[in-house]
file upload_28.txt (compact mmCIF, C-alpha atoms)
# COMPACT_ATOMS: atom_id res chain seq x y z
CA MET A 1073 -21.61 26.06 -17.13
CA PRO A 1074 -19.23 23.16 -16.39
CA ASN A 1075 -18.76 22.45 -12.71
CA THR A 1076 -15.32 22.11 -11.13
CA ALA A 1077 -14.11 18.83 -9.63
CA THR A 1078 -13.41 18.86 -5.90
CA GLY A 1079 -11.37 16.38 -3.90
CA LEU A 1080 -14.07 16.31 -1.23
CA THR A 1081 -16.43 14.17 -3.32
CA THR A 1082 -13.87 11.96 -5.08
CA GLY A 1083 -14.93 8.37 -5.64
CA PHE A 1084 -12.33 5.58 -5.61
CA THR A 1085 -13.15 1.98 -6.40
CA THR A 1086 -11.54 -1.29 -7.52
CA GLY A 1087 -12.26 -4.57 -9.27
CA GLU A 1088 -10.17 -7.75 -9.52
CA GLU A 1089 -9.01 -8.53 -13.04
CA THR A 1090 -9.05 -12.01 -14.54
CA VAL A 1091 -6.59 -11.07 -17.29
CA TYR A 1092 -3.86 -8.48 -16.71
CA GLY A 1093 -4.80 -5.19 -18.35
CA THR A 1094 -8.37 -6.19 -19.25
CA PRO A 1095 -10.68 -3.81 -17.36
CA VAL A 1096 -13.46 -5.21 -15.19
CA THR A 1097 -16.38 -3.51 -13.50
CA CYS A 1098 -15.23 -2.04 -10.19
CA ASP A 1099 -17.31 -3.37 -7.32
CA ARG A 1100 -15.65 -2.27 -4.08
CA SER A 1101 -14.97 1.29 -2.97
CA ILE A 1102 -12.71 2.78 -0.33
CA GLU A 1103 -12.31 6.21 1.21
CA ILE A 1104 -8.94 7.75 0.34
CA LEU A 1105 -6.80 10.50 1.83
CA SER A 1106 -5.03 11.34 -1.42
CA GLU A 1107 -3.88 9.81 -4.69
CA SER A 1108 -1.42 10.66 -7.44
CA LEU A 1109 -2.31 8.21 -10.22
CA GLN A 1110 -1.43 9.71 -13.60
CA ARG A 1111 -0.86 8.77 -17.21
CA GLU A 1112 2.70 8.95 -18.54
CA ASN A 1113 3.38 9.12 -22.28
CA LYS A 1114 6.61 8.09 -23.98
CA ILE A 1115 7.25 10.45 -26.88
CA VAL A 1116 9.83 10.02 -29.65
CA GLU A 1117 10.94 12.84 -31.94
CA SER A 1118 13.01 12.70 -35.09
CA LYS A 1119 16.58 13.95 -34.88
CA GLY A 1120 17.08 13.82 -38.63
CA LEU A 1121 19.10 16.63 -40.20
CA ARG A 1122 18.31 18.29 -43.52
CA SER A 1123 19.30 21.34 -45.52
CA GLN A 1124 16.76 24.00 -44.58
CA PRO A 1125 16.50 27.28 -42.70
CA ILE A 1126 16.87 26.65 -38.95
CA THR A 1127 13.45 26.17 -37.40
CA LEU A 1128 11.72 24.06 -34.75
CA ARG A 1129 11.46 20.28 -34.94
CA ARG A 1130 8.71 19.08 -37.24
CA GLY A 1131 5.56 18.01 -35.41
CA SER A 1132 4.80 15.48 -38.14
CA ARG A 1133 7.81 13.43 -37.03
CA ARG A 1134 6.75 13.17 -33.39
CA ALA A 1135 5.05 10.00 -32.18
CA LEU A 1136 3.46 8.56 -29.04
CA SER A 1137 5.44 5.30 -28.81
CA ALA A 1138 4.27 3.91 -25.47
CA ARG A 1139 2.21 4.77 -22.40
CA HIS A 1140 1.47 3.62 -18.87
CA ALA A 1141 0.33 5.07 -15.55
CA LYS A 1142 1.47 5.06 -11.96
CA GLY A 1143 1.07 6.81 -8.64
CA ASP A 1144 0.28 6.24 -5.00
CA VAL A 1145 -2.90 5.92 -2.98
CA GLY A 1146 -3.14 6.90 0.68
CA VAL A 1147 -5.91 5.59 2.96
CA GLU A 1148 -6.87 5.24 6.60
CA VAL A 1149 -7.00 1.53 7.37
CA PRO A 1150 -10.71 0.70 7.81
CA THR A 1151 -12.08 -1.94 10.16
CA VAL A 1152 -13.94 -3.60 7.26
CA GLY A 1153 -13.39 -3.86 3.52
CA PHE A 1154 -9.59 -3.82 3.48
CA GLY A 1155 -8.84 -7.42 2.60
CA ARG A 1156 -8.60 -6.87 -1.15
CA TRP A 1157 -5.81 -4.32 -0.73
CA LEU A 1158 -3.91 -6.67 1.59
CA LYS A 1159 -4.36 -9.57 -0.84
CA HIS A 1160 -2.85 -7.62 -3.73
CA ALA A 1161 -0.13 -6.06 -1.57
CA LEU A 1162 1.21 -9.29 -0.04
CA GLY A 1163 0.46 -11.63 -2.93
CA GLY A 1164 -0.02 -14.86 -0.98
CA THR A 1165 -3.14 -17.00 -0.84
CA PRO A 1166 -5.18 -15.49 2.01
CA THR A 1167 -7.15 -17.61 4.43
CA ILE A 1168 -10.35 -16.51 6.13
CA VAL A 1169 -11.67 -18.35 9.18
CA GLN A 1170 -14.85 -17.74 11.11
CA GLN A 1171 -14.19 -17.19 14.81
CA GLY A 1172 -16.28 -19.23 17.25
CA ALA A 1173 -19.42 -19.30 15.06
CA THR A 1174 -19.70 -15.52 15.46
CA ALA A 1175 -19.78 -12.62 13.00
CA ALA A 1176 -15.99 -12.25 13.34
CA TRP A 1177 -13.79 -13.56 10.50
CA LEU A 1178 -10.00 -13.63 10.64
CA GLN A 1179 -8.09 -13.08 7.40
CA THR A 1180 -4.42 -14.08 7.28
CA HIS A 1181 -2.38 -12.61 4.44
CA THR A 1182 1.12 -14.01 3.99
CA LEU A 1183 3.87 -12.93 1.65
CA GLY A 1184 3.73 -14.60 -1.76
CA THR A 1185 3.89 -13.84 -5.46
CA THR A 1186 1.74 -11.19 -7.13
CA GLN A 1187 2.20 -12.69 -10.61
CA GLY A 1188 -1.13 -13.11 -12.38
CA ARG A 1189 -2.88 -10.80 -9.92
CA SER A 1190 -3.99 -7.29 -10.89
CA LEU A 1191 -6.70 -4.70 -10.28
CA THR A 1192 -8.82 -2.31 -12.25
CA VAL A 1193 -8.78 0.97 -10.31
CA GLN A 1194 -11.11 3.87 -11.04
CA LYS A 1195 -11.15 7.38 -9.63
CA GLN A 1196 -14.20 9.52 -10.21
CA LEU A 1197 -13.79 13.28 -10.05
CA ARG A 1198 -17.03 14.92 -8.97
CA ASP A 1199 -18.23 18.44 -8.29
CA SER A 1200 -19.56 19.82 -5.01
CA ALA A 1201 -23.04 18.53 -5.87
CA ASN A 1202 -21.57 15.03 -6.38
CA ALA A 1203 -22.19 15.16 -10.13
CA LEU A 1204 -19.62 13.25 -12.17
CA VAL A 1205 -17.07 15.47 -13.91
CA GLN A 1206 -14.83 12.70 -15.31
CA GLN A 1207 -13.80 9.16 -14.48
CA PHE A 1208 -10.26 7.85 -14.97
CA THR A 1209 -9.75 4.09 -15.11
CA TYR A 1210 -6.44 2.30 -14.54
CA HIS A 1211 -6.21 -1.28 -15.74
CA GLY A 1212 -3.37 -3.66 -15.09
CA SER A 1213 -2.87 -2.08 -11.66
CA LYS A 1214 -0.37 -3.79 -9.39
CA ILE A 1215 0.75 -2.79 -5.90
CA LEU A 1216 4.55 -2.48 -5.84
CA SER A 1217 5.00 -1.23 -2.29
CA THR A 1218 2.93 -0.83 0.86
CA GLU A 1219 3.69 1.40 3.83
CA ILE A 1220 1.86 1.16 7.17
CA THR A 1221 2.26 4.12 9.54
CA ILE A 1222 1.04 5.24 12.95
CA SER A 1223 1.92 8.24 15.10
CA VAL A 1224 0.73 9.90 18.29
CA ASP A 1225 -2.92 11.01 18.15
CA GLY A 1226 -3.23 9.59 14.63
CA LEU A 1227 -5.22 7.00 12.75
CA LEU A 1228 -3.54 3.93 11.27
CA GLU A 1229 -2.69 4.74 7.65
CA ALA A 1230 -1.51 2.85 4.60
CA LYS A 1231 0.06 4.09 1.38
CA PHE A 1232 0.24 1.97 -1.76
CA ASP A 1233 2.58 2.55 -4.69
CA VAL A 1234 0.66 1.39 -7.78
CA ASP A 1235 1.93 0.58 -11.29
CA CYS A 1236 -0.65 0.47 -14.09
CA GLU A 1237 -0.64 -0.79 -17.66
CA ASP A 1238 -2.81 2.07 -18.93
CA GLU A 1239 -5.19 4.91 -18.11
CA ASP A 1240 -8.43 5.44 -20.02
CA THR A 1241 -11.38 7.81 -19.81
CA THR A 1242 -13.88 5.63 -21.70
CA THR A 1243 -14.61 2.82 -19.23
CA PRO A 1244 -18.02 3.67 -17.73
CA ALA A 1245 -18.21 5.07 -14.22
CA ALA A 1246 -18.87 2.30 -11.72
CA THR A 1247 -21.42 2.56 -8.94
CA MET A 1248 -19.75 3.36 -5.64
CA ALA A 1249 -20.01 0.43 -3.19
CA TYR A 1250 -18.62 1.30 0.24
CA PRO A 1251 -18.64 -1.25 3.09
CA ALA A 1252 -21.25 -0.61 5.75
CA ALA A 1253 -20.21 0.63 9.19
CA ALA A 1254 -16.50 0.96 8.43
CA GLY A 1255 -14.55 2.34 11.36
CA SER A 1256 -10.86 3.15 11.80
CA PHE A 1257 -7.94 1.99 13.91
CA ASN A 1258 -6.24 4.65 16.03
CA PHE A 1259 -3.11 5.22 18.09
CA SER A 1260 -4.78 4.40 21.42
CA GLN A 1261 -5.57 0.88 20.18
CA GLY A 1262 -2.01 0.03 19.19
CA LEU A 1263 0.90 -1.78 20.77
CA LEU A 1264 4.35 -2.87 19.66
CA LYS A 1265 6.11 -6.10 20.63
CA ILE A 1266 9.77 -6.93 20.07
CA GLY A 1267 10.76 -10.49 20.86
CA ALA A 1268 7.27 -11.17 22.32
CA VAL A 1269 7.69 -8.34 24.87
CA GLN A 1270 5.51 -5.23 24.66
CA VAL A 1271 7.67 -2.14 24.36
CA ALA A 1272 6.74 1.05 26.21
CA LYS A 1273 7.29 4.67 25.14
CA VAL A 1274 7.00 4.05 21.39
CA ASN A 1275 5.43 7.11 19.76
CA ASP A 1276 5.46 6.20 16.06
CA ALA A 1277 6.08 3.26 13.79
CA THR A 1278 6.44 2.59 10.06
CA ILE A 1279 6.59 -0.76 8.27
CA LYS A 1280 7.13 -0.89 4.51
CA LEU A 1281 6.97 -3.83 2.10
CA ASP A 1282 8.73 -3.19 -1.21
CA ARG A 1283 8.30 -5.64 -4.09
CA LYS A 1284 11.19 -5.48 -6.55
CA SER A 1285 9.78 -5.80 -10.08
CA LYS A 1286 10.69 -5.16 -13.69
CA THR A 1287 8.13 -2.57 -14.78
CA ASP A 1288 9.48 -1.59 -18.20
CA GLY A 1289 8.28 -4.54 -20.30
CA TRP A 1290 7.55 -2.78 -23.59
CA TYR A 1291 7.80 -5.10 -26.58
CA LEU A 1292 7.04 -5.05 -30.29
CA GLY A 1293 3.51 -5.99 -31.21
CA THR A 1294 1.77 -4.69 -28.09
CA GLY A 1295 0.70 -1.29 -29.41
CA GLY A 1296 2.74 0.65 -26.87
CA LEU A 1297 1.32 -1.14 -23.81
CA LYS A 1298 3.68 -2.92 -21.46
CA ALA A 1299 3.56 -6.46 -20.15
CA GLU A 1300 2.70 -7.37 -16.58
CA PRO A 1301 5.54 -6.44 -14.19
CA VAL A 1302 7.75 -9.38 -13.23
CA GLU A 1303 9.25 -9.80 -9.77
CA ASN A 1304 13.02 -9.75 -10.24
CA ASP A 1305 14.49 -9.66 -6.73
CA TYR A 1306 13.67 -10.54 -3.13
CA PRO A 1307 10.92 -8.40 -1.55
CA GLU A 1308 12.21 -6.08 1.16
CA VAL A 1309 10.65 -5.20 4.49
CA GLU A 1310 12.00 -2.23 6.39
CA GLY A 1311 10.77 0.40 8.77
CA SER A 1312 11.49 2.60 11.74
CA LEU A 1313 10.36 3.15 15.31
CA GLY A 1314 10.31 6.34 17.35
CA PHE A 1315 11.28 5.86 21.02
CA GLU A 1316 11.76 7.85 24.17
CA PHE A 1317 15.08 6.37 25.25
CA ASP A 1318 15.10 4.69 28.67
CA SER A 1319 16.64 1.59 30.23
CA ALA A 1320 13.97 -0.63 28.67
CA ALA A 1321 14.92 0.69 25.22
CA MET A 1322 18.45 -0.61 25.78
CA ALA A 1323 17.14 -4.17 25.92
CA ALA A 1324 14.46 -3.64 23.30
CA TYR A 1325 16.66 -2.36 20.50
CA TYR A 1326 20.12 -1.01 21.39
CA ASN A 1327 21.60 -4.28 22.66
CA ARG A 1328 20.13 -6.04 19.65
CA PHE A 1329 21.53 -3.37 17.35
CA ALA A 1330 24.98 -3.61 18.91
CA ALA A 1331 25.10 -7.42 18.55
CA ASP A 1332 23.05 -7.58 15.33
CA THR A 1333 20.68 -9.92 17.18
CA PRO A 1334 17.36 -10.76 15.48
CA ALA A 1335 13.91 -10.50 17.05
CA GLU A 1336 10.30 -10.89 15.98
CA LEU A 1337 8.41 -7.58 15.64
CA ILE A 1338 4.62 -7.24 15.95
CA LEU A 1339 2.59 -4.08 15.41
CA GLU A 1340 -0.99 -4.67 16.52
CA PHE A 1341 -4.24 -2.69 16.76
CA THR A 1342 -7.30 -3.94 18.63
CA GLY A 1343 -10.65 -2.30 17.96
CA PRO A 1344 -14.12 -2.79 19.46
CA ILE A 1345 -15.54 -6.25 20.08
CA ILE A 1346 -17.38 -7.77 17.12
CA ALA A 1347 -18.89 -10.65 19.06
CA SER A 1348 -18.00 -12.74 22.13
CA THR A 1349 -14.27 -12.11 22.73
CA PHE A 1350 -13.37 -11.36 19.12
CA PRO A 1351 -12.48 -7.74 18.29
CA TYR A 1352 -11.72 -5.88 15.08
CA LEU A 1353 -8.01 -6.50 14.65
CA PHE A 1354 -5.08 -5.44 12.48
CA ARG A 1355 -1.74 -7.13 13.17
CA VAL A 1356 1.52 -6.99 11.20
CA THR A 1357 4.13 -9.63 12.04
CA VAL A 1358 7.72 -9.43 10.84
CA PRO A 1359 9.27 -12.76 11.90
CA GLU A 1360 12.78 -11.37 12.12
CA VAL A 1361 14.08 -7.82 12.25
CA ARG A 1362 17.62 -6.53 12.54
CA PHE A 1363 18.02 -3.02 13.93
CA THR A 1364 20.28 -0.85 11.80
CA GLY A 1365 20.23 2.31 13.88
CA GLU A 1366 22.88 4.01 15.92
CA THR A 1367 23.83 5.11 19.40
CA PRO A 1368 21.27 7.62 20.81
CA LYS A 1369 22.48 11.22 20.52
CA VAL A 1370 21.83 14.27 22.66
CA GLY A 1371 20.83 17.32 20.64
CA GLY A 1372 19.91 19.62 23.52
CA PRO A 1373 17.94 19.67 26.77
CA ASN A 1374 14.90 17.80 25.46
CA LEU A 1375 14.23 14.08 25.90
CA VAL A 1376 16.46 11.73 23.93
CA MET A 1377 14.17 10.34 21.23
CA PRO A 1378 16.02 8.28 18.63
CA LYS A 1379 14.58 7.01 15.36
CA VAL A 1380 15.35 3.32 15.14
CA PRO A 1381 15.43 1.83 11.62
CA PHE A 1382 15.17 -1.90 11.00
CA GLN A 1383 15.26 -4.45 8.19
CA GLY A 1384 13.09 -7.54 8.00
CA ALA A 1385 14.18 -11.07 7.14
CA PHE A 1386 12.87 -14.63 6.97
CA ASP A 1387 14.00 -16.75 9.91
CA GLY A 1388 12.84 -20.17 8.67
CA THR A 1389 11.00 -20.90 11.94
CA LEU A 1390 8.34 -18.33 12.77
CA GLY A 1391 6.95 -18.23 9.24
CA ALA A 1392 6.56 -15.53 6.64
CA PHE A 1393 5.87 -11.83 6.90
CA LYS A 1394 2.11 -11.58 7.38
CA VAL A 1395 -0.83 -9.32 8.12
CA GLU A 1396 -3.84 -10.56 10.11
CA TYR A 1397 -7.10 -8.69 9.68
CA GLN A 1398 -10.18 -9.54 11.74
CA SER A 1399 -13.49 -8.00 10.73
CA THR A 1400 -17.05 -8.88 9.78
CA ASP A 1401 -16.05 -9.52 6.15
CA ILE A 1402 -16.92 -13.07 5.18
CA ALA A 1403 -14.74 -12.88 2.05
CA VAL A 1404 -11.47 -11.21 1.11

call {"tool": "encode", "arguments": {"input": "upload_28.txt", "output": "structure tokens"}}
result
Amino acid sequence: MPNTATGLTTGFTTGEETVYGTPVTCDRSIEILSESLQRENKIVESKGLRSQPITLRRGSRRALSARHAKGDVGVEVPTVGFGRWLKHALGGTPTIVQQGATAAWLQTHTLGTTQGRSLTVQKQLRDSANALVQQFTYHGSKILSTEITISVDGLLEAKFDVDCEDEDTTTPAATMAYPAAAGSFNFSQGLLKIGAVQVAKVNDATIKLDRKSKTDGWYLGTGGLKAEPVENDYPEVEGSLGFEFDSAAMAAYYNRFAADTPAELILEFTGPIIASTFPYLFRVTVPEVRFTGETPKVGGPNLVMPKVPFQGAFDGTLGAFKVEYQSTDIAV
């Protein structure tokens, strides 16, 4: 009797493609919270009219003209094995530097182009005994947006919006390869700085990078598969912060909002020490943010807790939007 797939034993793994849309063997796995990757078919049906008794449209004049896949992937940010996702999200050329001849290596991922960079992504649906039910493979996978979130008593999470050239069920199931001793970053390890000053009473934060791309490149002669997405506008960085409003919040965001004054924003998480003075680290730096919120409002007797939205920009001095990731990984 066929066994039923369960989310509990889902396998999720990736490989870096050399040629967009050409599947490769997946060689690095990650634990996921959820995913929504799915195939989407483009169907055309004849609208031709003819003299005949009224009936349904003829199935013989229906065709599958094109196909692709898309969806999102949610994960908890691990302390090791996350560099590949950052590389494909930000698109720049990452650097990795050993710290003080120890086992700690600092990756720096800066904003750049994602052209010519794609993944093969495979999800494996398995039953409660971990037996494979079916694998689904997504080639030509590109990360279009990335959202980093943290909230009280939570783990640091990331969600990736992924666009894929195609989905198939024939690529063989890859062997799962999870990084050893992967931990997580949590709320207690985090801090937020605005203009180089740590801000108190912040209870949640979201930072989102959105890459504007043309994703509908279907052309004659490609058999219904689309071309690699092309970036067609500036990337956007935006987000929001949750505060308890006090006098310090006036200086941190309201005065800047009122005057449209820019400031650098840093969201940072420091984990256990790897070696010497070098810890596991995850740091997002937005060189310039402009707060786009509003005057705090009173909705009742509770504390005044505004949501403060912001937009990121390039200031020409502090450098590009970047993510720094320190772990024991010796390669991205």

call {"tool": "residues_around", "arguments": {"input": "upload_28.txt", "residues": "Gly1212 of chain A", "least_positions_apart": "6", "cutoff": "8 Å", "atoms": "all atoms listed in the file", "output": "tab-separated table (two decimals) with C-alpha atoms, in the coordinates of the input"}}
result
chain	number	residue	atom	x	y	z
A	1089	GLU	CA	-9.01	-8.53	-13.04
A	1092	TYR	CA	-3.86	-8.48	-16.71
A	1093	GLY	CA	-4.80	-5.19	-18.35
A	1094	THR	CA	-8.37	-6.19	-19.25
A	1095	PRO	CA	-10.68	-3.81	-17.36
A	1190	SER	CA	-3.99	-7.29	-10.89
A	1191	LEU	CA	-6.70	-4.70	-10.28
A	1192	THR	CA	-8.82	-2.31	-12.25
A	1235	ASP	CA	1.93	0.58	-11.29
A	1236	CYS	CA	-0.65	0.47	-14.09
A	1237	GLU	CA	-0.64	-0.79	-17.66
A	1238	ASP	CA	-2.81	2.07	-18.93
A	1300	GLU	CA	2.70	-7.37	-16.58

call {"tool": "residues_around", "arguments": {"input": "upload_28.txt", "residues": "segment 1255-1265 of chain A", "least_positions_apart": "6", "cutoff": "6 Å", "atoms": "all atoms listed in the file", "output": "JSON, numbers by chain"}}
result
{"A": [1150, 1151, 1225, 1226, 1227, 1228, 1271, 1337, 1338, 1339, 1340, 1341, 1342]}

call {"tool": "closest_residue", "arguments": {"input": "upload_28.txt", "among": "A:Ala1161, A:Ala1141, A:Leu1197, A:Cys1098", "to": "Gly1079 of chain A", "atoms": "only C-alpha atoms"}}
result
A:Leu1197

call {"tool": "closest_residue", "arguments": {"input": "upload_28.txt", "among": "A:Asn1113, A:Ser1108, A:Thr1278, A:Ser1312", "to": "Lys1142 of chain A", "atoms": "only C-alpha atoms"}}
result
A:Ser1108

call {"tool": "closest_residue", "arguments": {"input": "upload_28.txt", "among": "A:Ile1220, A:Gly1184, A:Gly1371, A:Phe1232", "to": "Gly1146 of chain A", "atoms": "all atoms listed in the file"}}
result
A:Phe1232

call {"tool": "closest_residue", "arguments": {"input": "upload_28.txt", "among": "A:Ala1175, A:Asp1199, A:Lys1231, A:Gln1206", "to": "Thr1349 of chain A", "atoms": "all atoms listed in the file"}}
result
A:Ala1175

call {"tool": "residues_around", "arguments": {"input": "upload_28.txt", "residues": "Gln1194 of chain A", "least_positions_apart": "6", "cutoff": "7 Å", "atoms": "only C-alpha atoms", "output": "VMD selection string"}}
result
chain A and resid 1084 to 1086 1207 to 1210

call {"tool": "closest_residue", "arguments": {"input": "upload_28.txt", "among": "A:Leu1109, A:Val1116, A:Leu1216, A:Leu1375", "to": "Asp1240 of chain A", "atoms": "all atoms listed in the file"}}
result
A:Leu1109

call {"tool": "closest_residue", "arguments": {"input": "upload_28.txt", "among": "A:Lys1119, A:Gly1391, A:Glu1219, A:Ala1245", "to": "Arg1198 of chain A", "atoms": "only C-alpha atoms"}}
result
A:Ala1245

call {"tool": "atom_distance", "arguments": {"input": "upload_28.txt", "atom1": "atom CA of Thr1097 of chain A", "atom2": "atom CA of Thr1180 of chain A"}}
result
26.2 Å

call {"tool": "residues_around", "arguments": {"input": "upload_28.txt", "residues": "Ile1102 of chain A", "least_positions_apart": "2", "cutoff": "9 Å", "atoms": "all atoms listed in the file", "output": "list in words"}}
result
Gly1083, Phe1084, Thr1085, Thr1086, Arg1100, Ile1104, Val1147, Pro1150, Gly1153, Phe1154, Met1248, Ala1249, Tyr1250 and Pro1251 of chain A

call {"tool": "write_last_selection", "arguments": {"input": "upload_28.txt", "atoms": "C-alpha atoms", "output": "CSV table (one decimal), in the coordinates of the input"}}
result
chain,number,residue,atom,x,y,z
A,1083,GLY,CA,-14.9,8.4,-5.6
A,1084,PHE,CA,-12.3,5.6,-5.6
A,1085,THR,CA,-13.2,2.0,-6.4
A,1086,THR,CA,-11.5,-1.3,-7.5
A,1100,ARG,CA,-15.6,-2.3,-4.1
A,1104,ILE,CA,-8.9,7.8,0.3
A,1147,VAL,CA,-5.9,5.6,3.0
A,1150,PRO,CA,-10.7,0.7,7.8
A,1153,GLY,CA,-13.4,-3.9,3.5
A,1154,PHE,CA,-9.6,-3.8,3.5
A,1248,MET,CA,-19.8,3.4,-5.6
A,1249,ALA,CA,-20.0,0.4,-3.2
A,1250,TYR,CA,-18.6,1.3,0.2
A,1251,PRO,CA,-18.6,-1.2,3.1

call {"tool": "residues_around", "arguments": {"input": "upload_28.txt", "residues": "Asn1327 of chain A", "least_positions_apart": "5", "cutoff": "12 Å", "atoms": "all atoms listed in the file", "output": "MDAnalysis selection string"}}
result
chainID A and resid 1319:1322 1332:1335 1362:1367

call {"tool": "atom_distance", "arguments": {"input": "upload_28.txt", "atom1": "atom CA of Val1152 of chain A", "atom2": "atom CA of Glu1396 of chain A"}}
result
12.6 Å

call {"tool": "atom_distance", "arguments": {"input": "upload_28.txt", "atom1": "atom CA of Leu1158 of chain A", "atom2": "atom CA of Val1380 of chain A"}}
result
25.6 Å

call {"tool": "decode", "arguments": {"input": "upload_28.txt", "residues": "segment 1230-1295 of chain A", "atoms": "C-alpha atoms", "output": "PDB file, in the first residue's frame"}}
result
ATOM      1  CA  ALA A1230      14.487  34.117   6.411  1.00  0.00           C
ATOM      2  CA  LYS A1231      12.004  33.731   3.576  1.00  0.00           C
ATOM      3  CA  PHE A1232      13.063  33.515  -0.064  1.00  0.00           C
ATOM      4  CA  ASP A1233      10.825  34.151  -3.060  1.00  0.00           C
ATOM      5  CA  VAL A1234      12.097  31.814  -5.803  1.00  0.00           C
ATOM      6  CA  ASP A1235      11.437  31.866  -9.560  1.00  0.00           C
ATOM      7  CA  CYS A1236      12.196  28.675 -11.496  1.00  0.00           C
ATOM      8  CA  GLU A1237      12.513  27.826 -15.174  1.00  0.00           C
ATOM      9  CA  ASP A1238      10.877  24.412 -14.771  1.00  0.00           C
ATOM     10  CA  GLU A1239       9.788  21.618 -12.435  1.00  0.00           C
ATOM     11  CA  ASP A1240      10.510  17.966 -13.184  1.00  0.00           C
ATOM     12  CA  THR A1241       9.976  14.648 -11.435  1.00  0.00           C
ATOM     13  CA  THR A1242      12.646  12.681 -13.322  1.00  0.00           C
ATOM     14  CA  THR A1243      15.904  14.088 -11.924  1.00  0.00           C
ATOM     15  CA  PRO A1244      17.153  11.459  -9.442  1.00  0.00           C
ATOM     16  CA  ALA A1245      16.786  12.092  -5.735  1.00  0.00           C
ATOM     17  CA  ALA A1246      19.981  13.554  -4.318  1.00  0.00           C
ATOM     18  CA  THR A1247      21.570  12.365  -1.097  1.00  0.00           C
ATOM     19  CA  MET A1248      20.769  14.706   1.763  1.00  0.00           C
ATOM     20  CA  ALA A1249      23.897  16.551   2.978  1.00  0.00           C
ATOM     21  CA  TYR A1250      23.198  18.677   6.047  1.00  0.00           C
ATOM     22  CA  PRO A1251      25.971  20.731   7.710  1.00  0.00           C
ATOM     23  CA  ALA A1252      27.243  19.303  10.959  1.00  0.00           C
ATOM     24  CA  ALA A1253      26.409  20.997  14.255  1.00  0.00           C
ATOM     25  CA  ALA A1254      24.172  23.702  12.799  1.00  0.00           C
ATOM     26  CA  GLY A1255      22.662  25.913  15.463  1.00  0.00           C
ATOM     27  CA  SER A1256      20.281  28.871  15.262  1.00  0.00           C
ATOM     28  CA  PHE A1257      20.288  32.574  16.044  1.00  0.00           C
ATOM     29  CA  ASN A1258      17.639  33.775  18.502  1.00  0.00           C
ATOM     30  CA  PHE A1259      16.072  36.971  19.808  1.00  0.00           C
ATOM     31  CA  SER A1260      18.269  37.140  22.919  1.00  0.00           C
ATOM     32  CA  GLN A1261      21.388  37.367  20.725  1.00  0.00           C
ATOM     33  CA  GLY A1262      20.175  40.319  18.669  1.00  0.00           C
ATOM     34  CA  LEU A1263      20.628  44.060  18.747  1.00  0.00           C
ATOM     35  CA  LEU A1264      19.651  46.961  16.521  1.00  0.00           C
ATOM     36  CA  LYS A1265      21.734  50.058  15.810  1.00  0.00           C
ATOM     37  CA  ILE A1266      20.548  53.245  14.126  1.00  0.00           C
ATOM     38  CA  GLY A1267      23.256  55.758  13.317  1.00  0.00           C
ATOM     39  CA  ALA A1268      25.833  53.643  15.234  1.00  0.00           C
ATOM     40  CA  VAL A1269      23.759  53.862  18.455  1.00  0.00           C
ATOM     41  CA  GLN A1270      22.128  50.752  19.905  1.00  0.00           C
ATOM     42  CA  VAL A1271      18.395  51.253  20.227  1.00  0.00           C
ATOM     43  CA  ALA A1272      16.525  49.937  23.261  1.00  0.00           C
ATOM     44  CA  LYS A1273      12.965  48.592  23.462  1.00  0.00           C
ATOM     45  CA  VAL A1274      12.844  47.165  19.927  1.00  0.00           C
ATOM     46  CA  ASN A1275      10.667  44.046  19.942  1.00  0.00           C
ATOM     47  CA  ASP A1276      10.653  43.019  16.273  1.00  0.00           C
ATOM     48  CA  ALA A1277      12.378  43.823  13.010  1.00  0.00           C
ATOM     49  CA  THR A1278      11.996  42.969   9.329  1.00  0.00           C
ATOM     50  CA  ILE A1279      14.396  43.714   6.469  1.00  0.00           C
ATOM     51  CA  LYS A1280      13.452  42.793   2.907  1.00  0.00           C
ATOM     52  CA  LEU A1281      15.522  42.882  -0.286  1.00  0.00           C
ATOM     53  CA  ASP A1282      13.435  42.855  -3.467  1.00  0.00           C
ATOM     54  CA  ARG A1283      15.129  42.353  -6.839  1.00  0.00           C
ATOM     55  CA  LYS A1284      13.071  43.787  -9.694  1.00  0.00           C
ATOM     56  CA  SER A1285      13.291  41.394 -12.648  1.00  0.00           C
ATOM     57  CA  LYS A1286      11.553  40.537 -15.898  1.00  0.00           C
ATOM     58  CA  THR A1287      10.377  36.971 -15.331  1.00  0.00           C
ATOM     59  CA  ASP A1288       8.169  36.429 -18.392  1.00  0.00           C
ATOM     60  CA  GLY A1289      10.817  35.765 -21.053  1.00  0.00           C
ATOM     61  CA  TRP A1290       8.989  33.224 -23.212  1.00  0.00           C
ATOM     62  CA  TYR A1291      10.218  33.202 -26.798  1.00  0.00           C
ATOM     63  CA  LEU A1292       9.771  31.142 -29.945  1.00  0.00           C
ATOM     64  CA  GLY A1293      12.091  28.188 -30.264  1.00  0.00           C
ATOM     65  CA  THR A1294      12.476  27.407 -26.562  1.00  0.00           C
ATOM     66  CA  GLY A1295       9.836  24.683 -26.269  1.00  0.00           C
TER      67      GLY A1295
END
